[in-house]
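input-v3.cif (mmCIF, C-alpha atoms, pLDDT in the B column; chains and numbers go by the auth columns) appears below.
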data_work
loop_
_atom_site.group_PDB
_atom_site.id
_atom_site.type_symbol
_atom_site.label_atom_id
_atom_site.label_comp_id
_atom_site.label_asym_id
_atom_site.label_seq_id
_atom_site.Cartn_x
_atom_site.Cartn_y
_atom_site.Cartn_z
_atom_site.B_iso_or_equiv
_atom_site.auth_seq_id
_atom_site.auth_asym_id
ATOM 1 C CA MET A 1 101.285 259.384 74.368 86.00 1 K
ATOM 2 C CA LYS A 2 99.543 262.756 74.164 89.00 2 K
ATOM 3 C CA ALA A 3 97.026 261.814 76.850 89.00 3 K
ATOM 4 C CA LEU A 4 99.788 260.663 79.182 90.00 4 K
ATOM 5 C CA ARG A 5 101.845 263.790 78.509 91.00 5 K
ATOM 6 C CA SER A 6 98.860 266.032 79.226 91.00 6 K
ATOM 7 C CA ARG A 7 98.154 264.130 82.441 90.00 7 K
ATOM 8 C CA GLN A 8 101.687 264.948 83.578 90.00 8 K
ATOM 9 C CA GLY A 9 101.196 268.617 82.671 92.00 9 K
ATOM 10 C CA LEU A 10 104.106 268.633 80.240 92.00 10 K
ATOM 11 C CA GLU A 11 104.271 270.790 77.131 93.00 11 K
ATOM 12 C CA ARG A 12 105.643 269.163 73.991 93.00 12 K
ATOM 13 C CA GLU A 13 108.856 271.165 74.185 93.00 13 K
ATOM 14 C CA GLU A 14 109.623 270.102 77.751 93.00 14 K
ATOM 15 C CA PHE A 15 108.654 266.494 77.102 94.00 15 K
ATOM 16 C CA GLY A 16 110.793 266.508 73.967 92.00 16 K
ATOM 17 C CA LYS A 17 113.829 267.716 75.903 93.00 17 K
ATOM 18 C CA ARG A 18 113.438 264.873 78.374 93.00 18 K
ATOM 19 C CA ILE A 19 113.325 262.186 75.684 92.00 19 K
ATOM 20 C CA GLY A 20 115.812 263.864 73.349 91.00 20 K
ATOM 21 C CA TYR A 21 113.537 265.189 70.587 91.00 21 K
ATOM 22 C CA SER A 22 112.166 268.503 69.356 91.00 22 K
ATOM 23 C CA ALA A 23 108.574 269.596 69.995 92.00 23 K
ATOM 24 C CA SER A 24 107.779 269.077 66.298 90.00 24 K
ATOM 25 C CA THR A 25 109.002 265.485 66.453 88.00 25 K
ATOM 26 C CA VAL A 26 106.918 264.848 69.557 91.00 26 K
ATOM 27 C CA ALA A 27 103.922 266.179 67.617 90.00 27 K
ATOM 28 C CA SER A 28 104.731 263.735 64.807 84.00 28 K
ATOM 29 C CA PHE A 29 104.810 260.874 67.313 84.00 29 K
ATOM 30 C CA GLU A 30 101.480 261.865 68.818 86.00 30 K
ATOM 31 C CA GLN A 31 99.774 262.361 65.471 83.00 31 K
ATOM 32 C CA GLY A 32 101.004 259.101 64.011 74.00 32 K
ATOM 33 C CA ARG A 33 103.151 260.735 61.329 74.00 33 K
ATOM 34 C CA ARG A 34 106.324 259.229 62.734 76.00 34 K
ATOM 35 C CA ILE A 35 106.914 256.019 64.644 74.00 35 K
ATOM 36 C CA PRO A 36 109.142 256.288 67.757 79.00 36 K
ATOM 37 C CA SER A 37 111.914 253.762 68.196 74.00 37 K
ATOM 38 C CA PRO A 38 111.571 251.091 70.914 74.00 38 K
ATOM 39 C CA ARG A 39 114.203 252.928 72.948 79.00 39 K
ATOM 40 C CA THR A 40 112.215 256.172 72.690 86.00 40 K
ATOM 41 C CA ILE A 41 109.051 254.391 73.794 87.00 41 K
ATOM 42 C CA GLU A 42 110.822 253.035 76.866 87.00 42 K
ATOM 43 C CA ARG A 43 112.171 256.481 77.722 90.00 43 K
ATOM 44 C CA ALA A 44 108.751 258.086 77.211 92.00 44 K
ATOM 45 C CA ASP A 45 107.148 255.461 79.450 91.00 45 K
ATOM 46 C CA GLU A 46 109.670 256.323 82.153 91.00 46 K
ATOM 47 C CA VAL A 47 109.316 260.119 81.812 93.00 47 K
ATOM 48 C CA LEU A 48 105.514 259.941 81.796 92.00 48 K
ATOM 49 C CA SER A 49 105.372 257.494 84.727 90.00 49 K
ATOM 50 C CA ALA A 50 103.210 255.235 82.572 88.00 50 K
ATOM 51 C CA ASP A 51 104.130 252.102 84.543 87.00 51 K
ATOM 52 C CA GLY A 52 104.749 250.053 81.400 85.00 52 K
ATOM 53 C CA LEU A 53 101.597 251.155 79.547 84.00 53 K
ATOM 54 C CA LEU A 54 103.523 252.532 76.592 84.00 54 K
ATOM 55 C CA ALA A 55 106.049 249.714 76.692 77.00 55 K
ATOM 56 C CA LEU A 56 103.229 247.197 76.149 77.00 56 K
ATOM 57 C CA TRP A 57 102.800 248.616 72.660 75.00 57 K
ATOM 58 C CA LYS A 58 106.501 248.625 71.840 72.00 58 K
ATOM 59 C CA GLU A 59 106.527 245.539 69.615 72.00 59 K
ATOM 60 C CA GLU A 60 103.393 246.591 67.738 73.00 60 K
ATOM 61 C CA VAL A 61 104.724 250.101 67.196 73.00 61 K
ATOM 62 C CA GLU A 62 108.093 248.765 66.094 72.00 62 K
ATOM 63 C CA ARG A 63 106.435 246.417 63.584 76.00 63 K
ATOM 64 C CA ALA A 64 104.351 249.280 62.170 74.00 64 K
ATOM 65 C CA GLN A 65 107.527 251.069 61.056 75.00 65 K
ATOM 66 C CA TYR A 66 107.962 248.639 58.179 80.00 66 K
ATOM 67 C CA PRO A 67 105.947 247.822 55.056 79.00 67 K
ATOM 68 C CA LEU A 68 103.814 244.700 55.472 81.00 68 K
ATOM 69 C CA PHE A 69 106.026 242.604 53.192 83.00 69 K
ATOM 70 C CA PHE A 70 109.110 243.321 55.362 85.00 70 K
ATOM 71 C CA GLN A 71 107.678 243.033 58.865 83.00 71 K
ATOM 72 C CA GLY A 72 108.496 239.337 59.197 85.00 72 K
ATOM 73 C CA MET A 73 112.037 239.844 57.948 87.00 73 K
ATOM 74 C CA ALA A 74 112.587 242.744 60.341 84.00 74 K
ATOM 75 C CA ALA A 75 111.600 240.549 63.283 83.00 75 K
ATOM 76 C CA LEU A 76 113.973 237.769 62.206 87.00 76 K
ATOM 77 C CA GLU A 77 116.770 240.229 61.519 87.00 77 K
ATOM 78 C CA LYS A 78 116.503 241.678 64.998 85.00 78 K
ATOM 79 C CA GLU A 79 117.054 238.287 66.633 87.00 79 K
ATOM 80 C CA ALA A 80 119.591 236.905 64.156 90.00 80 K
ATOM 81 C CA ILE A 81 122.959 235.621 65.318 92.00 81 K
ATOM 82 C CA GLU A 82 124.204 235.394 61.718 93.00 82 K
ATOM 83 C CA LEU A 83 123.200 237.219 58.543 90.00 83 K
ATOM 84 C CA VAL A 84 124.531 236.428 55.077 91.00 84 K
ATOM 85 C CA MET A 85 123.361 238.864 52.402 89.00 85 K
ATOM 86 C CA TYR A 86 123.808 238.934 48.634 88.00 86 K
ATOM 87 C CA ASP A 87 122.491 242.046 46.880 88.00 87 K
ATOM 88 C CA THR A 88 122.264 242.642 43.152 85.00 88 K
ATOM 89 C CA LEU A 89 120.176 245.824 42.859 85.00 89 K
ATOM 90 C CA VAL A 90 120.946 248.195 45.740 86.00 90 K
ATOM 91 C CA VAL A 91 123.198 248.400 48.789 86.00 91 K
ATOM 92 C CA ASN A 92 121.717 246.402 51.647 89.00 92 K
ATOM 93 C CA GLY A 93 119.581 248.513 53.988 89.00 93 K
ATOM 94 C CA LEU A 94 121.840 247.726 56.938 89.00 94 K
ATOM 95 C CA LEU A 95 124.714 249.503 55.163 87.00 95 K
ATOM 96 C CA GLN A 96 122.894 252.448 53.590 86.00 96 K
ATOM 97 C CA THR A 97 123.586 256.016 54.602 84.00 97 K
ATOM 98 C CA GLU A 98 120.654 258.335 55.213 84.00 98 K
ATOM 99 C CA GLU A 99 121.330 260.168 51.939 83.00 99 K
ATOM 100 C CA TYR A 100 121.262 256.896 50.012 84.00 100 K
ATOM 101 C CA MET A 101 117.993 255.869 51.691 87.00 101 K
ATOM 102 C CA ARG A 102 116.299 259.129 50.765 88.00 102 K
ATOM 103 C CA ALA A 103 117.494 258.860 47.179 85.00 103 K
ATOM 104 C CA LEU A 104 116.067 255.348 46.803 87.00 104 K
ATOM 105 C CA LEU A 105 112.767 256.111 48.498 89.00 105 K
ATOM 106 C CA GLY A 106 112.408 259.325 46.526 87.00 106 K
ATOM 107 C CA MET A 107 112.494 257.344 43.283 85.00 107 K
ATOM 108 C CA ARG A 108 109.678 254.991 44.210 85.00 108 K
ATOM 109 C CA ARG A 109 106.726 254.762 41.819 83.00 109 K
ATOM 110 C CA PRO A 110 104.004 255.501 42.643 86.00 110 K
ATOM 111 C CA PRO A 111 105.735 258.247 44.671 88.00 111 K
ATOM 112 C CA LEU A 112 105.786 258.064 48.448 85.00 112 K
ATOM 113 C CA ASP A 113 104.591 261.105 50.366 84.00 113 K
ATOM 114 C CA PRO A 114 107.227 262.963 52.436 85.00 114 K
ATOM 115 C CA GLU A 115 105.881 261.647 55.752 78.00 115 K
ATOM 116 C CA THR A 116 106.104 258.038 54.567 82.00 116 K
ATOM 117 C CA ILE A 117 109.665 258.624 53.385 87.00 117 K
ATOM 118 C CA GLU A 118 110.594 260.024 56.806 83.00 118 K
ATOM 119 C CA LEU A 119 108.994 257.009 58.479 80.00 119 K
ATOM 120 C CA ARG A 120 110.847 254.558 56.236 86.00 120 K
ATOM 121 C CA VAL A 121 114.179 256.346 56.732 88.00 121 K
ATOM 122 C CA ALA A 122 113.757 256.309 60.522 83.00 122 K
ATOM 123 C CA ALA A 123 112.877 252.610 60.432 84.00 123 K
ATOM 124 C CA ARG A 124 115.873 251.743 58.279 86.00 124 K
ATOM 125 C CA LEU A 125 118.218 253.691 60.541 86.00 125 K
ATOM 126 C CA ALA A 126 116.738 251.875 63.541 83.00 126 K
ATOM 127 C CA ARG A 127 117.573 248.542 61.879 86.00 127 K
ATOM 128 C CA GLN A 128 121.228 249.560 61.835 86.00 128 K
ATOM 129 C CA GLU A 129 121.349 249.346 65.628 84.00 129 K
ATOM 130 C CA LEU A 130 122.006 245.679 64.874 86.00 130 K
ATOM 131 C CA LEU A 131 125.531 246.681 63.798 84.00 131 K
ATOM 132 C CA ASP A 132 126.295 247.899 67.341 84.00 132 K
ATOM 133 C CA ARG A 133 124.628 245.016 69.158 85.00 133 K
ATOM 134 C CA ARG A 134 126.630 243.099 71.764 86.00 134 K
ATOM 135 C CA PRO A 135 127.267 240.257 71.413 88.00 135 K
ATOM 136 C CA ALA A 136 127.632 241.162 67.739 85.00 136 K
ATOM 137 C CA PRO A 137 126.019 238.910 65.132 90.00 137 K
ATOM 138 C CA LEU A 138 128.151 237.407 62.385 91.00 138 K
ATOM 139 C CA LEU A 139 127.527 239.554 59.296 88.00 139 K
ATOM 140 C CA SER A 140 128.510 238.916 55.690 89.00 140 K
ATOM 141 C CA PHE A 141 127.570 241.230 52.796 87.00 141 K
ATOM 142 C CA VAL A 142 128.306 240.501 49.150 86.00 142 K
ATOM 143 C CA MET A 143 127.206 242.957 46.476 83.00 143 K
ATOM 144 C CA ASP A 144 127.175 242.685 42.726 82.00 144 K
ATOM 145 C CA GLU A 145 129.538 245.189 41.121 76.00 145 K
ATOM 146 C CA SER A 146 126.610 246.862 39.334 77.00 146 K
ATOM 147 C CA VAL A 147 125.281 248.008 42.730 79.00 147 K
ATOM 148 C CA LEU A 148 128.416 250.078 43.206 74.00 148 K
ATOM 149 C CA ARG A 149 128.185 251.701 39.791 71.00 149 K
ATOM 150 C CA ARG A 150 124.628 253.033 40.063 69.00 150 K
ATOM 151 C CA PRO A 151 124.697 256.763 40.954 65.00 151 K
ATOM 152 C CA TYR A 152 122.084 256.811 43.685 61.00 152 K
ATOM 153 C CA GLY A 153 122.183 259.674 46.157 52.00 153 K
ATOM 154 C CA GLY A 154 122.852 262.511 43.718 51.00 154 K
ATOM 155 C CA ALA A 155 125.112 263.303 40.815 48.00 155 K
ATOM 156 C CA GLU A 156 128.198 262.288 42.775 47.00 156 K
ATOM 157 C CA GLY A 157 126.878 258.786 43.378 42.00 157 K
ATOM 158 C CA GLY A 158 125.914 259.179 47.013 44.00 158 K
ATOM 159 C CA GLN A 159 128.045 258.666 50.096 44.00 159 K
ATOM 160 C CA CYS A 160 127.255 255.062 50.896 43.00 160 K
ATOM 161 C CA VAL A 161 130.087 253.630 48.848 45.00 161 K
ATOM 162 C CA GLU A 162 132.924 255.189 46.970 41.00 162 K
ATOM 163 C CA VAL A 163 134.144 253.363 43.909 41.00 163 K
ATOM 164 C CA ALA A 164 137.325 254.021 41.961 39.00 164 K
ATOM 165 C CA VAL A 165 136.762 252.260 38.648 40.00 165 K
ATOM 166 C CA GLY A 166 139.878 250.915 36.962 42.00 166 K
ATOM 167 C CA THR A 167 140.590 248.425 34.208 40.00 167 K
ATOM 168 C CA ALA A 168 141.949 245.838 36.607 45.00 168 K
ATOM 169 C CA ALA A 169 139.890 246.238 39.782 44.00 169 K
ATOM 170 C CA ALA A 170 137.173 248.118 41.628 43.00 170 K
ATOM 171 C CA HIS A 171 138.168 249.696 44.941 44.00 171 K
ATOM 172 C CA VAL A 172 135.354 249.715 47.464 45.00 172 K
ATOM 173 C CA ARG A 173 135.338 251.777 50.642 45.00 173 K
ATOM 174 C CA ASP A 174 132.777 251.791 53.414 46.00 174 K
ATOM 175 C CA SER A 175 131.898 255.407 54.188 45.00 175 K
ATOM 176 C CA LYS A 176 131.258 254.463 57.836 45.00 176 K
ATOM 177 C CA ALA A 177 135.032 254.041 58.148 46.00 177 K
ATOM 178 C CA VAL A 178 136.411 256.693 55.834 43.00 178 K
ATOM 179 C CA ALA A 179 140.039 255.793 56.469 47.00 179 K
ATOM 180 C CA GLY A 180 139.398 252.185 55.462 45.00 180 K
ATOM 181 C CA PRO A 181 139.112 249.340 55.010 46.00 181 K
ATOM 182 C CA VAL A 182 139.680 249.177 51.260 48.00 182 K
ATOM 183 C CA LEU A 183 138.800 245.998 49.405 54.00 183 K
ATOM 184 C CA THR A 184 140.247 245.352 45.966 57.00 184 K
ATOM 185 C CA VAL A 185 138.527 242.721 43.831 59.00 185 K
ATOM 186 C CA SER A 186 140.226 241.683 40.606 64.00 186 K
ATOM 187 C CA ARG A 187 138.258 240.620 37.569 61.00 187 K
ATOM 188 C CA GLU A 188 139.676 237.112 37.785 65.00 188 K
ATOM 189 C CA ALA A 189 138.757 236.723 41.463 63.00 189 K
ATOM 190 C CA TRP A 190 135.227 237.970 40.779 58.00 190 K
ATOM 191 C CA ALA A 191 134.825 235.481 37.934 63.00 191 K
ATOM 192 C CA GLU A 192 136.000 232.649 40.190 61.00 192 K
ATOM 193 C CA PHE A 193 133.401 233.629 42.776 57.00 193 K
ATOM 194 C CA VAL A 194 130.468 234.188 40.394 56.00 194 K
ATOM 195 C CA GLY A 195 131.117 231.178 38.202 58.00 195 K
ATOM 196 C CA PRO A 196 130.364 228.417 40.750 52.00 196 K
ATOM 197 C CA ALA A 197 127.510 230.445 42.259 48.00 197 K
ATOM 198 C CA SER A 198 125.900 230.854 38.829 46.00 198 K
ATOM 199 C CA SER A 199 126.313 227.221 37.857 46.00 199 K
ATOM 200 C CA GLN A 200 124.418 226.055 40.963 42.00 200 K
ATOM 201 C CA ARG A 201 121.266 227.958 40.132 41.00 201 K
ATOM 202 C CA ASP A 202 120.130 225.217 37.763 40.00 202 K
ATOM 203 C CA VAL A 203 120.667 222.444 40.318 35.00 203 K
#
Produce structure tokens that represent the structure in this file.
Amino acid sequence: MKALRSRQGLEREEFGKRIGYSASTVASFEQGRRIPSPRTIERADEVLSADGLLALWKEEVERAQYPLFFQGMAALEKEAIELVMYDTLVVNGLLQTEEYMRALLGMRRPPLDPETIELRVAARLARQELLDRRPAPLLSFVMDESVLRRPYGGAEGGQCVEVAVGTAAAHVRDSKAVAGPVLTVSREAWAEFVGPASSQRDV
């Protein structure tokens, strides 16, 4: 990218304006400290008149955003027409807010360096483009109640989910739609759901 930008006689600041990023972010792209999204690569290819040269690397660059163990899943997720998720430890990455992501990644052991955290956050946010895809895939997310009770994202519990704990039910609200929807799950209903699911694990 740097060689192509220099060939066009563009400074980082000007190039950044054309693709919608700051000069410091362009520097991160060029130095390999941050991976550009596929959309950014396409825009850069157009601005730099690269005739598809950058676009050829789009899939490889996109794959490099993710840890090795997740690269296959990321590829399948991108093409999925239906996703059914059940999470017992953390909120699914497709539903996490940026604050929640940073809190989780910041607790990794051994610790991740700041640049790796930024790369992982950017990659996880890029995955969420799936939520706006048209035609939209069929999505179903079920989370264990314990996920909602863990105070990730700071002392206030983060902004990914808001939980009002009561004796009869837990009220769950998606922070992407602050006015709603609100889902109330009674203890009895939860037991009816978990019971059959648990009994089938020994089959």
What does the PyMOL selection byres ((chain K and resi 74-79) around 10) select in this file, as a PyMOL selection string? chain K and resi 59+62-63+65-67+69-73+80-83+123-124+127-130+133+137
Show me the residues around (110.1, 251.8, 73.4) - criterion: an atom at most 12 Å away, only C-alpha atoms counted - as a compact mmCIF listing (two decimals) with C-alpha atoms, in the frame of the given file.
# COMPACT_ATOMS: atom_id res chain seq x y z
CA MET K 1 101.28 259.38 74.37
CA ILE K 19 113.32 262.19 75.68
CA ILE K 35 106.91 256.02 64.64
CA PRO K 36 109.14 256.29 67.76
CA SER K 37 111.91 253.76 68.20
CA PRO K 38 111.57 251.09 70.91
CA ARG K 39 114.20 252.93 72.95
CA THR K 40 112.22 256.17 72.69
CA ILE K 41 109.05 254.39 73.79
CA GLU K 42 110.82 253.04 76.87
CA ARG K 43 112.17 256.48 77.72
CA ALA K 44 108.75 258.09 77.21
CA ASP K 45 107.15 255.46 79.45
CA GLU K 46 109.67 256.32 82.15
CA VAL K 47 109.32 260.12 81.81
CA ALA K 50 103.21 255.24 82.57
CA GLY K 52 104.75 250.05 81.40
CA LEU K 53 101.60 251.16 79.55
CA LEU K 54 103.52 252.53 76.59
CA ALA K 55 106.05 249.71 76.69
CA LEU K 56 103.23 247.20 76.15
CA TRP K 57 102.80 248.62 72.66
CA LYS K 58 106.50 248.62 71.84
CA GLU K 59 106.53 245.54 69.61
CA GLU K 60 103.39 246.59 67.74
CA VAL K 61 104.72 250.10 67.20
CA GLU K 62 108.09 248.76 66.09
CA ARG K 63 106.44 246.42 63.58
CA ALA K 126 116.74 251.88 63.54
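Minimum atom-to-atom distance to K:Leu89, evaluated using only C-alpha atoms, belongs to K:Val147 out of K:Met107, K:Leu112, K:Leu68, K:Val147.
In this structure, atom CA of K:Ser6 sits 12.7 Å away from atom CA of K:Ala27.
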Counting all atoms listed in the file, closest pick from K:Val142, K:Ala3, K:Arg149, K:Glu14 relative to K:Met85 is K:Val142
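What separates atom CA of K:Leu94 from atom CA of K:Leu125 is a distance of 7.9 Å.
Closest approach to K:Ile117 among K:Arg5, K:Leu148, K:Ser49, K:Glu99 is made by K:Glu99 (distances from all atoms listed in the file).
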